[in-house]
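What follows is one structure encoded as structure tokens, with my remarks underneath.
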Amino acid sequence: MYRLRSSESYIDYLRKRGIEIGSGTYIQSPKTTDIDDTRPSLVSIGKNCFINKYFEIHTHDWVSHVFLHSGRDMINSSGRVTIGDNVAFGRHVMVLKGVTIGDNCFIGAGSIVSKDIPANSVAVGAPARVVMSLDEYYDKRMRVSESEAFDYARSITERFNRRPTPSDFWEEFPLFVNGKDVEHYPEIPIKRQLGPMYAHYVENHKAKYKSFEEFLKAANI
């Protein structure tokens, strides 16, 4: 099993072995990732996927070990693993042989994916099952995101005995940064966070709060 320190070098190794991996895919922790390359022609990973720590893909098992040591025949066991575009994984996810995960999916932490997951789904569990569509999860996150941002802001004051600053809010900034105002917040990595949606954000986004101070006031800080 080959281990390299960077995502780029590990993906380069896997491609050289024959595994298909699309552009923009990122492996956060190659040292804790185990992508089965014993049968590289069976593994396909799409574009812009995010592979988190402690991730595994298995294209085969070794149940024949048990067969052979119980006086039975050796029987092969393998299957394709196909992961679509724009799929993100939580930590400690295992994908087993014979599985296809469609485009635009999120697989929650600790999941064992043993059956196909359709496109535009959120799945979690062991075995993983679809719990809602991506649209449903998006709507759910929109409903609770503001209260979570307020609670995070208050936790900074409680824990560190200081006022929050814009640099604390790497994900929450859409609540108080208008698209036209991104240059006023150089301490927030807005462009890096938004990626392909940065230009659209700059042209179209209207924040709920007119300023960072208004956001803090709404959070009772």
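Ordered as shown in the structure tokens, chains take letters A, B, and onward, while each chain numbers its residues from 1 and ligands are numbered from 1 in the order shown.
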For this session: Show which residues sit within 9 Å of Asp61 (chain A), as a PyMOL selection string. Count only C-alpha atoms, and ignore same-chain residues fewer than 5 positions away.
Result: chain A and resi 76-78+96-97
For this session: Please give the complete set of residues from region 102-171 of chain A that DSSP, run on the backbone, assigns to alpha helix (DSSP H), formatted as a list in words.
Result: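 Restricting region 102-171 of chain A to alpha helix (DSSP H) produces Leu134, Asp135, Glu136, Tyr137, Tyr138, Asp139, Lys140, Arg141, Met142, Arg143, Val144, Ser145, Glu146, Ser147, Glu148, Ala149, Phe150, Asp151, Tyr152, Ala153, Arg154, Ser155, Ile156, Thr157, Glu158, Arg159 and Phe160 of chain A.
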For this session: Would you please extract all strand (DSSP E or B) residues from region 12-120 of chain A, as assigned by DSSP on the backbone, and give them as a ChimeraX atom specification?
Result: /A:20-21,26-27,34-35,43-45,50-51,55-57,60,78,81-83,88-89,93-95,99-101,106-107,112-113,117
For this session: Measuring atom to atom with only C-alpha atoms, identify which of A:Asp34, A:Glu158, A:Glu203, A:Glu213 is nearest to Phe176 (chain A).
Result: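 Among A:Asp34, A:Glu158, A:Glu203, A:Glu213, it is A:Glu213 that comes nearest to Phe176 (chain A).
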Exercise. In Å to one decimal, how far is CA of Ser23 (chain A) from CA of Ala123 (chain A)?
Worked result: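 Computing it gives 23.8 Å between the two atoms.
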For this session: Write out as a ChimeraX atom specification each polymer residue whose atoms come within 12 Å of region 184-192 of chain A, counting only C-alpha atoms; drop sequence neighbours fewer than 4 positions from it.
Result: /A:165-174,176-180,196-202,211-212
Write a file of the just-selected residues containing N, CA, C and O atoms, as a short mmCIF file (atom, residue, chain, number, x, y, z; two decimals), in the first residue's frame.
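Result file selection_28.cif:
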data_model
loop_
_atom_site.label_atom_id
_atom_site.label_comp_id
_atom_site.auth_asym_id
_atom_site.auth_seq_id
_atom_site.Cartn_x
_atom_site.Cartn_y
_atom_site.Cartn_z
N THR A 165 -14.26 38.51 15.66
CA THR A 165 -13.79 39.32 14.54
C THR A 165 -14.21 38.66 13.24
O THR A 165 -14.50 37.44 13.21
N PRO A 166 -14.25 39.38 12.14
CA PRO A 166 -14.64 38.77 10.86
C PRO A 166 -13.82 37.53 10.51
O PRO A 166 -14.34 36.59 9.89
N SER A 167 -12.55 37.52 10.88
CA SER A 167 -11.69 36.39 10.53
C SER A 167 -12.11 35.10 11.19
O SER A 167 -11.66 34.02 10.79
N ASP A 168 -12.98 35.16 12.20
CA ASP A 168 -13.48 33.94 12.85
C ASP A 168 -14.51 33.21 11.98
O ASP A 168 -14.77 32.03 12.21
N PHE A 169 -15.05 33.89 10.97
CA PHE A 169 -16.24 33.38 10.30
C PHE A 169 -15.94 32.98 8.86
O PHE A 169 -16.32 33.64 7.90
N TRP A 170 -15.25 31.85 8.72
CA TRP A 170 -14.85 31.34 7.40
C TRP A 170 -16.02 30.81 6.60
O TRP A 170 -15.98 30.79 5.38
N GLU A 171 -17.08 30.35 7.27
CA GLU A 171 -18.24 29.82 6.57
C GLU A 171 -19.48 30.69 6.74
O GLU A 171 -20.38 30.64 5.91
N GLU A 172 -19.50 31.48 7.79
CA GLU A 172 -20.69 32.25 8.12
C GLU A 172 -20.75 33.62 7.45
O GLU A 172 -21.75 34.32 7.56
N PHE A 173 -19.69 34.00 6.76
CA PHE A 173 -19.61 35.35 6.19
C PHE A 173 -20.75 35.72 5.24
O PHE A 173 -21.08 36.92 5.10
N PRO A 174 -21.42 34.79 4.53
CA PRO A 174 -22.52 35.22 3.66
C PRO A 174 -23.64 35.95 4.40
O PRO A 174 -24.44 36.66 3.77
N PHE A 176 -23.20 38.40 6.44
CA PHE A 176 -22.91 39.83 6.62
C PHE A 176 -22.01 40.44 5.54
O PHE A 176 -21.71 41.63 5.60
N VAL A 177 -21.59 39.66 4.55
CA VAL A 177 -20.74 40.19 3.48
C VAL A 177 -21.50 40.18 2.17
O VAL A 177 -21.80 39.12 1.61
N ASN A 178 -21.85 41.38 1.68
CA ASN A 178 -22.45 41.48 0.35
C ASN A 178 -21.42 41.15 -0.72
O ASN A 178 -20.21 41.31 -0.52
N GLY A 179 -21.91 40.70 -1.86
CA GLY A 179 -21.00 40.38 -2.95
C GLY A 179 -20.11 41.54 -3.33
O GLY A 179 -18.92 41.37 -3.62
N LYS A 180 -20.65 42.74 -3.32
CA LYS A 180 -19.88 43.92 -3.71
C LYS A 180 -18.88 44.36 -2.64
O LYS A 180 -18.06 45.25 -2.88
N PRO A 196 -15.73 27.85 -7.33
CA PRO A 196 -16.34 28.18 -8.64
C PRO A 196 -17.52 29.13 -8.55
O PRO A 196 -17.97 29.66 -9.56
N MET A 197 -18.07 29.34 -7.34
CA MET A 197 -19.22 30.23 -7.18
C MET A 197 -18.82 31.65 -6.80
O MET A 197 -19.69 32.49 -6.54
N TYR A 198 -17.51 31.95 -6.79
CA TYR A 198 -17.06 33.27 -6.33
C TYR A 198 -17.61 34.39 -7.22
O TYR A 198 -18.15 35.38 -6.72
N ALA A 199 -17.47 34.27 -8.52
CA ALA A 199 -17.93 35.33 -9.42
C ALA A 199 -19.43 35.56 -9.28
O ALA A 199 -19.90 36.71 -9.27
N HIS A 200 -20.19 34.49 -9.18
CA HIS A 200 -21.64 34.61 -9.01
C HIS A 200 -21.96 35.30 -7.69
O HIS A 200 -22.86 36.15 -7.63
N TYR A 201 -21.22 34.96 -6.64
CA TYR A 201 -21.42 35.59 -5.33
C TYR A 201 -21.17 37.09 -5.42
O TYR A 201 -21.98 37.90 -4.94
N VAL A 202 -20.05 37.48 -6.02
CA VAL A 202 -19.69 38.89 -6.12
C VAL A 202 -20.77 39.68 -6.86
O VAL A 202 -21.13 40.79 -6.48
N SER A 211 -23.88 44.79 7.87
CA SER A 211 -22.49 44.90 8.31
C SER A 211 -22.20 43.82 9.33
O SER A 211 -23.11 43.15 9.85
N PHE A 212 -20.91 43.67 9.64
CA PHE A 212 -20.51 42.71 10.67
C PHE A 212 -21.05 43.12 12.03
O PHE A 212 -21.49 42.27 12.82
#
Could you give me, as a CSV table (one decimal) with all heavy atoms, in the first residue's frame, the residues within 7 Å of Gly125 (chain A), counting only C-alpha atoms and dropping anything in the same chain fewer than 2 positions from it?
chain,number,residue,atom,x,y,z
A,110,GLY,N,-18.6,8.1,9.3
A,110,GLY,CA,-18.8,6.8,9.9
A,110,GLY,C,-19.7,5.8,9.0
A,110,GLY,O,-20.0,4.7,9.4
A,111,SER,N,-19.9,6.2,7.8
A,111,SER,CA,-20.8,5.4,6.9
A,111,SER,C,-20.1,4.2,6.3
A,111,SER,O,-18.9,4.3,6.0
A,111,SER,CB,-21.4,6.3,5.8
A,111,SER,OG,-22.3,7.3,6.3
A,112,ILE,N,-20.8,3.1,6.1
A,112,ILE,CA,-20.3,2.0,5.3
A,112,ILE,C,-21.3,1.9,4.1
A,112,ILE,O,-22.4,1.6,4.3
A,112,ILE,CB,-20.3,0.7,6.1
A,112,ILE,CG1,-19.3,0.8,7.3
A,112,ILE,CG2,-19.9,-0.5,5.3
A,112,ILE,CD1,-19.3,-0.4,8.2
A,127,PRO,N,-25.3,-0.1,7.5
A,127,PRO,CA,-25.0,0.4,6.1
A,127,PRO,C,-25.6,1.7,5.8
A,127,PRO,O,-26.7,2.1,6.4
A,127,PRO,CB,-25.7,-0.7,5.2
A,127,PRO,CG,-26.8,-1.2,6.1
A,127,PRO,CD,-26.3,-1.2,7.5
A,128,ALA,N,-25.0,2.5,4.9
A,128,ALA,CA,-25.5,3.8,4.5
A,128,ALA,C,-26.8,3.7,3.8
A,128,ALA,O,-27.0,2.8,3.0
A,128,ALA,CB,-24.4,4.5,3.6
A,129,ARG,N,-27.7,4.6,4.1
A,129,ARG,CA,-28.9,4.8,3.4
A,129,ARG,C,-29.2,6.2,3.2
A,129,ARG,O,-28.8,7.1,3.9
A,129,ARG,CB,-30.1,4.1,4.3
A,129,ARG,CG,-30.3,4.8,5.6
A,129,ARG,CD,-31.4,4.2,6.4
A,129,ARG,NE,-31.6,4.8,7.7
A,129,ARG,CZ,-32.5,5.9,7.8
A,129,ARG,NH1,-33.1,6.3,6.8
A,129,ARG,NH2,-32.6,6.4,9.0
For this session: Could you check which of A:His69, A:His60, A:Arg80, A:Arg91 is closest to Phe106 (chain A), using only C-alpha atoms?
Result: A:Arg91
Exercise. Which residues, written as an NGL selection string, have at least one atom at most 6 Å from Ile57 (chain A), with only C-alpha atoms counted and residues fewer than 3 positions away on the same chain left out?
Worked result: :A and (35-36 or 94-95)
Exercise. Quick one: residues within 12 Å of region 141-151 of chain A, only C-alpha atoms counted, chain neighbours fewer than 2 positions away excluded, as a ChimeraX atom specification?
Worked result: /A:134-139,153-159,164,168-176,207-209,212,214-221
Problem set entry | Near-Gly24 (chain A) list (7 Å; only C-alpha atoms; drop same-chain fewer than 5 positions) as a list in words | Lys47, Asn48 and Cys49 of chain A
Output all heavy atoms for every residue in the selection just made, as a PDB file, in the first residue's frame.
ATOM      1  N   LYS A  47     -14.997  14.076 -10.857  1.00  0.00           N
ATOM      2  CA  LYS A  47     -14.393  15.386 -10.671  1.00  0.00           C
ATOM      3  C   LYS A  47     -14.879  16.039  -9.375  1.00  0.00           C
ATOM      4  O   LYS A  47     -15.990  15.795  -8.908  1.00  0.00           O
ATOM      5  CB  LYS A  47     -14.749  16.297 -11.852  1.00  0.00           C
ATOM      6  CG  LYS A  47     -14.279  15.810 -13.208  1.00  0.00           C
ATOM      7  CD  LYS A  47     -14.656  16.783 -14.305  1.00  0.00           C
ATOM      8  CE  LYS A  47     -16.158  16.835 -14.494  1.00  0.00           C
ATOM      9  NZ  LYS A  47     -16.544  17.701 -15.648  1.00  0.00           N
ATOM     10  N   ASN A  48     -13.998  16.887  -8.819  1.00  0.00           N
ATOM     11  CA  ASN A  48     -14.359  17.761  -7.693  1.00  0.00           C
ATOM     12  C   ASN A  48     -14.914  17.007  -6.489  1.00  0.00           C
ATOM     13  O   ASN A  48     -15.819  17.499  -5.803  1.00  0.00           O
ATOM     14  CB  ASN A  48     -15.369  18.824  -8.155  1.00  0.00           C
ATOM     15  CG  ASN A  48     -14.814  19.697  -9.256  1.00  0.00           C
ATOM     16  OD1 ASN A  48     -13.669  20.133  -9.195  1.00  0.00           O
ATOM     17  ND2 ASN A  48     -15.613  19.948 -10.281  1.00  0.00           N
ATOM     18  N   CYS A  49     -14.375  15.834  -6.236  1.00  0.00           N
ATOM     19  CA  CYS A  49     -14.759  15.084  -5.042  1.00  0.00           C
ATOM     20  C   CYS A  49     -13.864  15.482  -3.864  1.00  0.00           C
ATOM     21  O   CYS A  49     -12.706  15.859  -4.047  1.00  0.00           O
ATOM     22  CB  CYS A  49     -14.655  13.577  -5.295  1.00  0.00           C
ATOM     23  SG  CYS A  49     -15.858  12.960  -6.494  1.00  0.00           S
TER      24      CYS A  49
END
Exercise. In Å to one decimal, how far is CA of Leu194 (chain A) from CA of Ile83 (chain A)?
Worked result: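 Distance reported for this atom pair: 22.9 Å.
If you look at CA of Lys115 (chain A) and CA of Gly22 (chain A), they are 22.3 Å away from each other.
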Problem set entry | Residue with smallest distance to Gly84 (chain A) - pool A:Ser41, A:Ser133, A:Thr25, A:Ser64, counting only C-alpha atoms |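 Going through A:Ser41, A:Ser133, A:Thr25, A:Ser64 one by one, the smallest distance to Gly84 (chain A) is for A:Thr25.
Distance annotation: of A:Leu68, A:Thr82, A:Ile11, A:Phe89, the residue with the minimal separation from Leu42 (chain A) is A:Thr82; atom set is only C-alpha atoms.
The smallest atom-to-atom distance between Pro30 (chain A) and any of A:Lys53, A:Arg15, A:Lys206, A:Gly46, using only C-alpha atoms, is found for A:Lys53.
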